[in-house]
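A.B. asks: Below you'll find work.pdb; it's PDB, C-alpha atoms.
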```pdb
ATOM      1  CA  MET A   1     222.845  63.912  71.295  1.00  0.00           C
ATOM      2  CA  GLN A   2     219.885  65.326  69.374  1.00  0.00           C
ATOM      3  CA  ARG A   3     218.100  62.999  66.966  1.00  0.00           C
ATOM      4  CA  ALA A   4     218.374  63.718  63.252  1.00  0.00           C
ATOM      5  CA  ILE A   5     215.278  64.422  61.197  1.00  0.00           C
ATOM      6  CA  LEU A   6     212.884  61.637  60.327  1.00  0.00           C
ATOM      7  CA  PRO A   7     213.143  60.051  56.890  1.00  0.00           C
ATOM      8  CA  LEU A   8     210.733  61.515  54.360  1.00  0.00           C
ATOM      9  CA  ARG A   9     209.270  58.055  53.684  1.00  0.00           C
ATOM     10  CA  ALA A  10     208.129  57.738  57.326  1.00  0.00           C
ATOM     11  CA  VAL A  11     206.661  61.249  57.384  1.00  0.00           C
ATOM     12  CA  LEU A  12     204.767  60.702  54.113  1.00  0.00           C
ATOM     13  CA  GLU A  13     203.278  57.460  55.431  1.00  0.00           C
ATOM     14  CA  THR A  14     201.876  59.306  58.446  1.00  0.00           C
ATOM     15  CA  VAL A  15     200.623  62.234  56.341  1.00  0.00           C
ATOM     16  CA  ARG A  16     198.859  59.912  53.878  1.00  0.00           C
ATOM     17  CA  GLN A  17     197.035  58.154  56.731  1.00  0.00           C
ATOM     18  CA  SER A  18     195.676  61.473  58.041  1.00  0.00           C
ATOM     19  CA  PHE A  19     195.273  63.383  54.762  1.00  0.00           C
ATOM     20  CA  PRO A  20     194.173  61.170  51.845  1.00  0.00           C
ATOM     21  CA  GLY A  21     194.943  62.410  48.345  1.00  0.00           C
ATOM     22  CA  GLU A  22     197.867  63.128  46.031  1.00  0.00           C
ATOM     23  CA  VAL A  23     201.074  64.647  47.336  1.00  0.00           C
ATOM     24  CA  ALA A  24     201.687  67.703  45.154  1.00  0.00           C
ATOM     25  CA  GLY A  25     204.813  69.156  46.745  1.00  0.00           C
ATOM     26  CA  ILE A  26     207.338  68.696  49.529  1.00  0.00           C
ATOM     27  CA  GLU A  27     209.714  71.197  51.126  1.00  0.00           C
ATOM     28  CA  LEU A  28     212.170  70.877  53.991  1.00  0.00           C
ATOM     29  CA  GLU A  29     212.620  74.202  55.776  1.00  0.00           C
ATOM     30  CA  HIS A  30     214.452  75.467  58.835  1.00  0.00           C
ATOM     31  CA  GLU A  31     212.233  77.864  60.831  1.00  0.00           C
ATOM     32  CA  ASN A  32     212.606  79.213  64.355  1.00  0.00           C
ATOM     33  CA  GLY A  33     215.386  76.789  65.194  1.00  0.00           C
ATOM     34  CA  ARG A  34     213.695  73.623  63.968  1.00  0.00           C
ATOM     35  CA  TRP A  35     213.388  71.630  60.756  1.00  0.00           C
ATOM     36  CA  LEU A  36     209.917  71.309  59.197  1.00  0.00           C
ATOM     37  CA  TYR A  37     208.506  69.327  56.314  1.00  0.00           C
ATOM     38  CA  GLU A  38     205.854  71.271  54.380  1.00  0.00           C
ATOM     39  CA  ILE A  39     203.775  68.847  52.346  1.00  0.00           C
ATOM     40  CA  LYS A  40     201.012  69.889  49.951  1.00  0.00           C
ATOM     41  CA  VAL A  41     198.244  67.337  49.451  1.00  0.00           C
ATOM     42  CA  ILE A  42     195.366  67.542  46.959  1.00  0.00           C
ATOM     43  CA  SER A  43     192.326  65.852  48.485  1.00  0.00           C
ATOM     44  CA  PRO A  44     189.933  63.715  46.421  1.00  0.00           C
ATOM     45  CA  ALA A  45     187.533  66.723  46.586  1.00  0.00           C
ATOM     46  CA  GLY A  46     190.154  68.973  44.927  1.00  0.00           C
ATOM     47  CA  VAL A  47     191.153  70.918  48.039  1.00  0.00           C
ATOM     48  CA  ILE A  48     194.833  71.708  48.576  1.00  0.00           C
ATOM     49  CA  LYS A  49     195.972  71.188  52.155  1.00  0.00           C
ATOM     50  CA  GLU A  50     199.413  72.330  53.329  1.00  0.00           C
ATOM     51  CA  VAL A  51     200.540  70.049  56.134  1.00  0.00           C
ATOM     52  CA  ARG A  52     203.448  71.145  58.329  1.00  0.00           C
ATOM     53  CA  VAL A  53     205.302  68.413  60.189  1.00  0.00           C
ATOM     54  CA  ASP A  54     208.107  68.741  62.725  1.00  0.00           C
ATOM     55  CA  ALA A  55     210.905  66.886  60.917  1.00  0.00           C
ATOM     56  CA  ARG A  56     212.463  65.616  64.151  1.00  0.00           C
ATOM     57  CA  THR A  57     209.358  64.427  66.043  1.00  0.00           C
ATOM     58  CA  GLY A  58     206.827  63.812  63.250  1.00  0.00           C
ATOM     59  CA  ALA A  59     204.217  65.967  65.021  1.00  0.00           C
ATOM     60  CA  PHE A  60     201.708  67.840  62.869  1.00  0.00           C
ATOM     61  CA  LEU A  61     202.048  71.592  63.388  1.00  0.00           C
ATOM     62  CA  ARG A  62     199.192  73.095  61.388  1.00  0.00           C
ATOM     63  CA  GLY A  63     197.471  72.927  58.014  1.00  0.00           C
ATOM     64  CA  ARG A  64     195.888  75.417  55.654  1.00  0.00           C
ATOM     65  CA  ASP A  65     193.123  74.714  53.145  1.00  0.00           C
ATOM     66  CA  ALA A  66     192.809  76.448  49.814  1.00  0.00           C
ATOM     67  CA  ASP A  67     190.580  75.677  46.859  1.00  0.00           C
ATOM     68  CA  ILE A  68     192.449  74.431  43.822  1.00  0.00           C
ATOM     69  CA  ASP A  69     191.003  77.291  41.764  1.00  0.00           C
ATOM     70  CA  ASP A  70     192.475  79.996  44.043  1.00  0.00           C
TER      71      ASP A  70
END
```
Spit out the file's structure as structure tokens when you get a sec.
C.D. replies:
Amino acid sequence: MQRAILPLRAVLETVRQSFPGEVAGIELEHENGRWLYEIKVISPAGVIKEVRVDARTGAFLRGRDADIDD
């Protein structure tokens, strides 16, 4: 039996340890046969980072930086 997705609370705890700042948005998406959390974090320097996390394993998939002013 395949494991269900991880609770958001657990994923956010891991994200906050690796990417300090304010969480600005959260999405749960199904892409290419797997569930992903997309979490936007605003760093203390004002940079928006989009963190993608495999919702089943908790593994980070990739991140994109963008200035807040963009």
A.B. asks: Find the residues around region 38-48 of chain A up to 8 Å (only C-alpha atoms counted), leave out those fewer than 2 positions away in its own chain, and share them as a PyMOL selection string.
C.D. replies: chain A and resi 19-29+36+50-53+65-68
A.B. asks: If I take CA of Leu8 (chain A) and CA of Phe60 (chain A), how far is one from the other in Å, to one decimal?
C.D. replies: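 CA of Leu8 (chain A) sits 13.9 Å away from CA of Phe60 (chain A).
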A.B. asks: Given 5 Å on each side, where is the centre and what are the edge lengths in Å to one decimal of the axis-aligned box enclosing the listed atoms of region 32-46 of chain A, as JSON?
C.D. replies:
```
{"center_x": 201.5, "center_y": 71.5, "center_z": 55.1, "size_x": 37.9, "size_y": 25.5, "size_z": 30.3}
```
A.B. asks: CA of Asn32 (chain A) to CA of Arg9 (chain A): how many Å, to one decimal?
C.D. replies: 23.9 Å
A.B. asks: Between CA of Ala55 (chain A) and CA of Trp35 (chain A), what is the spacing in Å?
C.D. replies: 5.4 Å
